Structures are given as C-alpha cells and as structure tokens.
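Peer 1: Dropping the structure in here first, questions after.
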Amino acid sequence: IWSFFWKTSIADYEYIGRLFIPFTYLVSVFAICKLIKNQFFFYFTLTVILFLHHDLFIFSGYQEYIIFSVLLILSRFIFFGEYFKNKVFFLLLISLSSIILIWTKDEGVFFLIFVLISLIVKFSKFRKELFIYSAAVLLIITFSYFIEYQIKGDVNFQSSLDLNLVYSRLNLEYIIYFLFNLNLHLLIALFKYPLIIICLLSFIVSINKKILDSYDIASFLSYLFLFYLFIIAVYFSTPYELNEMLANSLDRIVLQFSGYIIFPLIKLVNRYL
C-alpha cells in the first residue's frame with residue numbers, strides 16, 4: 001500500500017508513501033476519541049492512546065497499523081450510534097473494511113471473521129441486516145481468493161499446514177511447554193502496548209458500573225476468545241522454532257487485534273469524566 005502512495009504522490013520520495021500509515025492511524029484514533037464529550041478528556045485520552053500505543057519501527061512501512069486502524073473504525077460504528085440499521089452506509093463500511101483487511105495481510109481475513117461473529121453476537125435480533133452484511137463479507141472473501149488464485153495459481157498463507165507435525169505435538173509435555181511460552185510472550189506483548197491492559201481494565205470496570213449492555217459484553221468476549229484460539233492455532237502449527245516465532249511476531253499480531261477493543265475505554269471516559 002505504501003508503495004502505491006509513493007508512486008502516485010507529487011513528490012517522488014519513497015518515504016512519502018510510508019506517511020500514509022501514520023496518517024491512517026491518526027485519523028482512526030481521532031475518529032473514536034471525537035466521541036468523548038468533554039474537551040479536556042478528549043485531548044487527554046487522545047494523548048494517552050497515541051503515547052502508549054505507537055511503535056516507530058512498525059510505522060516505517062509495516063501494515064500492522066492499517067489493520068489496527070480499520071478495526072478501530074469498525075468498532076467506532078458498531079458500538080456507538082445507530083449506524084448498523086442504516087443498511088446502505090453499513091454495507092459500504094463493512095465491504096470496504098473487508099477488502100482492506102483481506103488484501104493488507106494474511107491474518108486480516110481472520111480478524112474480519114472475528115468482527116463478523118462479534119457483530120452477529122451483538123445484533124442477534126436483526127437477522128435481515130445480519131444476513132445482508134454476512135453475505136457481503138463472505139462474497140468478498142470468496143471473490144478475493146478467487147482473484148488471488150487466478151493471478152498466482154494457488155491460495156496459501158506464509159507456511160502450509162502440516163497435519164503430521166500438529167499430530168506429533170499432541171502430547172501433554174509439548175502442550176504445557178507451548179501454553180507456557182505462548183502466554184509468557186502474550187504477557188510481554190501486553191506490557192509492550194499497555195493501552196491494551198487499560199482497555200481490558202476499562203472493560204471490567206464498565207461491566208461493574210453497568211456501562212456496557214449484555215450484547216456489548218458478549219460481543220467483546222467472543223472477539224477475545226476467537227483471537228486467543230487463533231493465536232493458539234497459528235503458533236501450535238508453525239513449522240518454525242516456537243520461541244523465535246513468538247518473539248518476532250506475536251506482539252505485532254496483538255497490536256493489530258487491539259484496534260477493536262478500545263471502545264470500553266471511550267464509553268467509560270464518557271460516562272464518568
């Protein structure tokens with residue numbers, strides 16, 4: 001994506017294309033912080049998010065912040081307002097988001113599916129709308145992989161699934177070793193991006209203060225659960241050395257995932273500050 005903005009910019013400098021990534025990040029953060037009614041706490045929350053959740057290395061051209069920004073914008077329109085009932089607007093939003101997530105990174109399609117399931121959990125009463133949005137997402141996924149197959153001749157991720165390897169690891173010793181290291185690196189990633197810890201704590205406080213309704217809670221928890229299952233599946237099946245893979249990639253996956261879970265913090269700030 002950054003190379004496209006580099007080549008289409010007036011100034012033919014490589015770094016111009018990379019500016020698209022922090023720009024997208026800033027727009028998404030402003031979009032959700034703008035919901036805060038108190039001006040002082042708008043600027044305070046904005047500063048906290050930008051300070052605690054930036055990574056200059058990833059801003060150098062990696063796509064993690066694009067996934068993060070799309071998920072943040074989706075959460076802004078899913079958990080605030082009545083946008084879901086506006087079929088035309090929400091269909092355009094979910095369609096454009098689907099295209100960006102799928103074509104940005106391999107894991108984008110999984111985040112898209114997690115959001116779709118979260119959406120179904122939150123708006124379970126609106127079956128007609130859910131059918132339309134779900135059908136649109138599934139059609140976009142199918143068409144996207146059809147195009148990839150036509151261009152590349154196959155559809156695969158960075159490494160193929162080796163079932164024999166997975167079966168060989170289904171023993172108590174390896175499972176304990178795996179879960180210990182996975183959760184250790186997950187904890188390290190959370191402290192690397194402490195805004196996630198703040199959002200999780202905000203979620204707990206929001207439940208106690210009854211700021212979130214039961215659908216918000218179920219939607220949030222379903223997204224967390226699916227993400228945890230996802231990282232278990234990814235790292236349990238990796239053919240590469242486990243700790244090396246966890247150290248090099250888990251924090252970046254966690255950064256992407258976190259875009260969708262910031263909304264409890266915004267709701268909590270709006271209610272009490």
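Residues in the structure tokens are numbered from 1 in each chain, the chains being A, B, ... in the order shown, and ligands are numbered from 1 in the order shown.
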Applying 8 Å and only C-alpha atoms, which residues near Ile140 in chain A remain after dropping the ones on its own chain fewer than 4 positions away? List them as a ChimeraX atom specification.

Peer 2: /A:95,98-99,136,144

Peer 1: Give me, as JSON lines, each residue of range 77-194 of chain A that comes within 12 Å of range 14-36 of chain A, together with its shortest interatomic pair and the distance in Å at one decimal, counting only C-alpha atoms, with rows ordered by chain and rising residue number.

Peer 2:
{"residue": "A:Phe77", "atom": "CA", "partner": "A:Ile32", "partner_atom": "CA", "distance": 9.0}
{"residue": "A:Ile78", "atom": "CA", "partner": "A:Ile32", "partner_atom": "CA", "distance": 11.4}
{"residue": "A:Phe79", "atom": "CA", "partner": "A:Ile32", "partner_atom": "CA", "distance": 10.5}
{"residue": "A:Phe80", "atom": "CA", "partner": "A:Leu35", "partner_atom": "CA", "distance": 8.6}
{"residue": "A:Gly81", "atom": "CA", "partner": "A:Leu35", "partner_atom": "CA", "distance": 10.2}
{"residue": "A:Thr104", "atom": "CA", "partner": "A:Ile21", "partner_atom": "CA", "distance": 11.8}

Peer 1: Name all residues at most 12 Å from range 185-198 of chain A (count only C-alpha atoms; drop same-chain ones fewer than 5 positions away) and give them as a PyMOL selection string.

Peer 2: chain A and resi 45-55+178-180+203-206+224+227-228+231-232+235+242-266+268-269

Peer 1: I need the helix (DSSP H, G or I) residues of range 121-217 of chain A per DSSP on the backbone, written as an mmCIF file with C-alpha atoms, in the first residue's frame.

Peer 2:
data_model
loop_
_atom_site.group_PDB
_atom_site.id
_atom_site.type_symbol
_atom_site.label_atom_id
_atom_site.label_comp_id
_atom_site.auth_asym_id
_atom_site.auth_seq_id
_atom_site.Cartn_x
_atom_site.Cartn_y
_atom_site.Cartn_z
ATOM 1 C CA VAL A 121 -23.442 -11.713 18.703
ATOM 2 C CA LYS A 122 -24.149 -8.018 19.310
ATOM 3 C CA ARG A 127 -31.483 -11.140 11.334
ATOM 4 C CA LYS A 128 -32.235 -9.466 7.996
ATOM 5 C CA GLU A 129 -29.407 -6.959 8.335
ATOM 6 C CA LEU A 130 -27.003 -9.627 9.576
ATOM 7 C CA PHE A 131 -27.816 -11.822 6.592
ATOM 8 C CA ILE A 132 -27.057 -8.964 4.184
ATOM 9 C CA TYR A 133 -23.783 -7.991 5.865
ATOM 10 C CA SER A 134 -22.629 -11.595 6.334
ATOM 11 C CA ALA A 135 -23.396 -12.438 2.707
ATOM 12 C CA ALA A 136 -21.446 -9.381 1.548
ATOM 13 C CA VAL A 137 -18.414 -10.339 3.647
ATOM 14 C CA LEU A 138 -18.449 -13.970 2.508
ATOM 15 C CA LEU A 139 -18.800 -12.929 -1.143
ATOM 16 C CA ILE A 140 -15.873 -10.524 -0.833
ATOM 17 C CA ILE A 141 -13.706 -13.198 0.821
ATOM 18 C CA THR A 142 -14.589 -15.737 -1.886
ATOM 19 C CA PHE A 143 -14.033 -13.275 -4.729
ATOM 20 C CA SER A 144 -10.737 -12.046 -3.252
ATOM 21 C CA TYR A 145 -9.291 -15.545 -3.031
ATOM 22 C CA PHE A 146 -10.635 -16.349 -6.494
ATOM 23 C CA ILE A 147 -8.692 -13.378 -7.870
ATOM 24 C CA GLU A 148 -5.578 -14.473 -5.969
ATOM 25 C CA TYR A 149 -5.910 -17.972 -7.382
ATOM 26 C CA GLN A 150 -6.267 -16.639 -10.909
ATOM 27 C CA ILE A 151 -3.145 -14.486 -10.522
ATOM 28 C CA LYS A 152 -0.877 -16.816 -8.511
ATOM 29 C CA LEU A 163 -1.052 -32.147 9.928
ATOM 30 C CA ASN A 164 1.619 -34.716 10.760
ATOM 31 C CA LEU A 165 3.538 -32.031 12.649
ATOM 32 C CA VAL A 166 0.395 -30.991 14.541
ATOM 33 C CA TYR A 167 -0.388 -34.592 15.493
ATOM 34 C CA SER A 168 3.172 -35.133 16.718
ATOM 35 C CA LEU A 172 0.960 -33.309 27.406
ATOM 36 C CA GLU A 173 4.626 -32.307 27.619
ATOM 37 C CA TYR A 174 4.587 -30.205 24.463
ATOM 38 C CA ILE A 175 1.161 -28.689 25.203
ATOM 39 C CA ILE A 176 2.355 -27.464 28.631
ATOM 40 C CA TYR A 177 5.574 -26.129 27.083
ATOM 41 C CA PHE A 178 3.594 -24.449 24.314
ATOM 42 C CA LEU A 179 0.959 -22.810 26.534
ATOM 43 C CA PHE A 180 3.566 -21.544 28.989
ATOM 44 C CA ASN A 181 5.629 -19.855 26.283
ATOM 45 C CA LEU A 182 2.596 -18.555 24.388
ATOM 46 C CA ASN A 183 1.112 -16.902 27.478
ATOM 47 C CA LEU A 184 4.505 -15.574 28.572
ATOM 48 C CA HIS A 185 5.048 -13.832 25.235
ATOM 49 C CA LEU A 186 1.437 -12.683 25.222
ATOM 50 C CA LEU A 187 2.004 -11.034 28.608
ATOM 51 C CA ILE A 188 5.188 -9.386 27.286
ATOM 52 C CA ALA A 189 3.223 -8.058 24.306
ATOM 53 C CA LEU A 190 0.556 -6.599 26.605
ATOM 54 C CA PHE A 191 3.185 -4.706 28.582
ATOM 55 C CA LYS A 192 4.800 -3.533 25.367
ATOM 56 C CA LEU A 195 -3.059 0.616 26.307
ATOM 57 C CA ILE A 196 -4.442 -2.914 25.870
ATOM 58 C CA ILE A 197 -4.213 -3.507 29.626
ATOM 59 C CA ILE A 198 -6.018 -0.206 30.220
ATOM 60 C CA CYS A 199 -8.765 -1.225 27.792
ATOM 61 C CA LEU A 200 -9.182 -4.623 29.442
ATOM 62 C CA LEU A 201 -9.421 -2.967 32.856
ATOM 63 C CA SER A 202 -11.904 -0.453 31.404
ATOM 64 C CA PHE A 203 -13.985 -3.377 30.182
ATOM 65 C CA ILE A 204 -14.082 -4.891 33.687
ATOM 66 C CA VAL A 205 -14.964 -1.555 35.308
ATOM 67 C CA SER A 206 -17.621 -0.905 32.645
ATOM 68 C CA ILE A 207 -19.266 -4.224 33.489
ATOM 69 C CA ASN A 208 -19.305 -3.401 37.201
ATOM 70 C CA SER A 214 -25.125 -7.686 27.752
ATOM 71 C CA TYR A 215 -24.715 -7.618 23.960
ATOM 72 C CA ASP A 216 -21.609 -5.416 24.191
ATOM 73 C CA ILE A 217 -20.115 -7.755 26.781
#

Peer 1: Under the rule that only C-alpha atoms are counted, which of A:Asn86, A:Leu96, A:Asn38, A:Ile102 is the nearest residue to Gln63 in chain A?

Peer 2: A:Ile102

Peer 1: Go through A:Ser124, A:Ser237, A:Ser219, A:Ser97 one by one, measure the shortest atom-to-atom distance of each to Ser160 in chain A using only C-alpha atoms, and give the residue with the smallest value.

Peer 2: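 Closest residue, counting only C-alpha atoms: A:Ser237.
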
Peer 1: Using only C-alpha atoms, which residue out of A:Phe110, A:Arg271, A:Gln39, A:Phe84 lies closest to Ala233 in chain A?

Peer 2: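 Going through A:Phe110, A:Arg271, A:Gln39, A:Phe84 one by one, the smallest distance to Ala233 in chain A is for A:Phe110.
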
Peer 1: May I ask for the distance between CA of Ser69 in chain A and CA of Leu226 in chain A, given in Å to one decimal place?

Peer 2: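 Interatomic distance, CA of Ser69 in chain A to CA of Leu226 in chain A: 19.4 Å.
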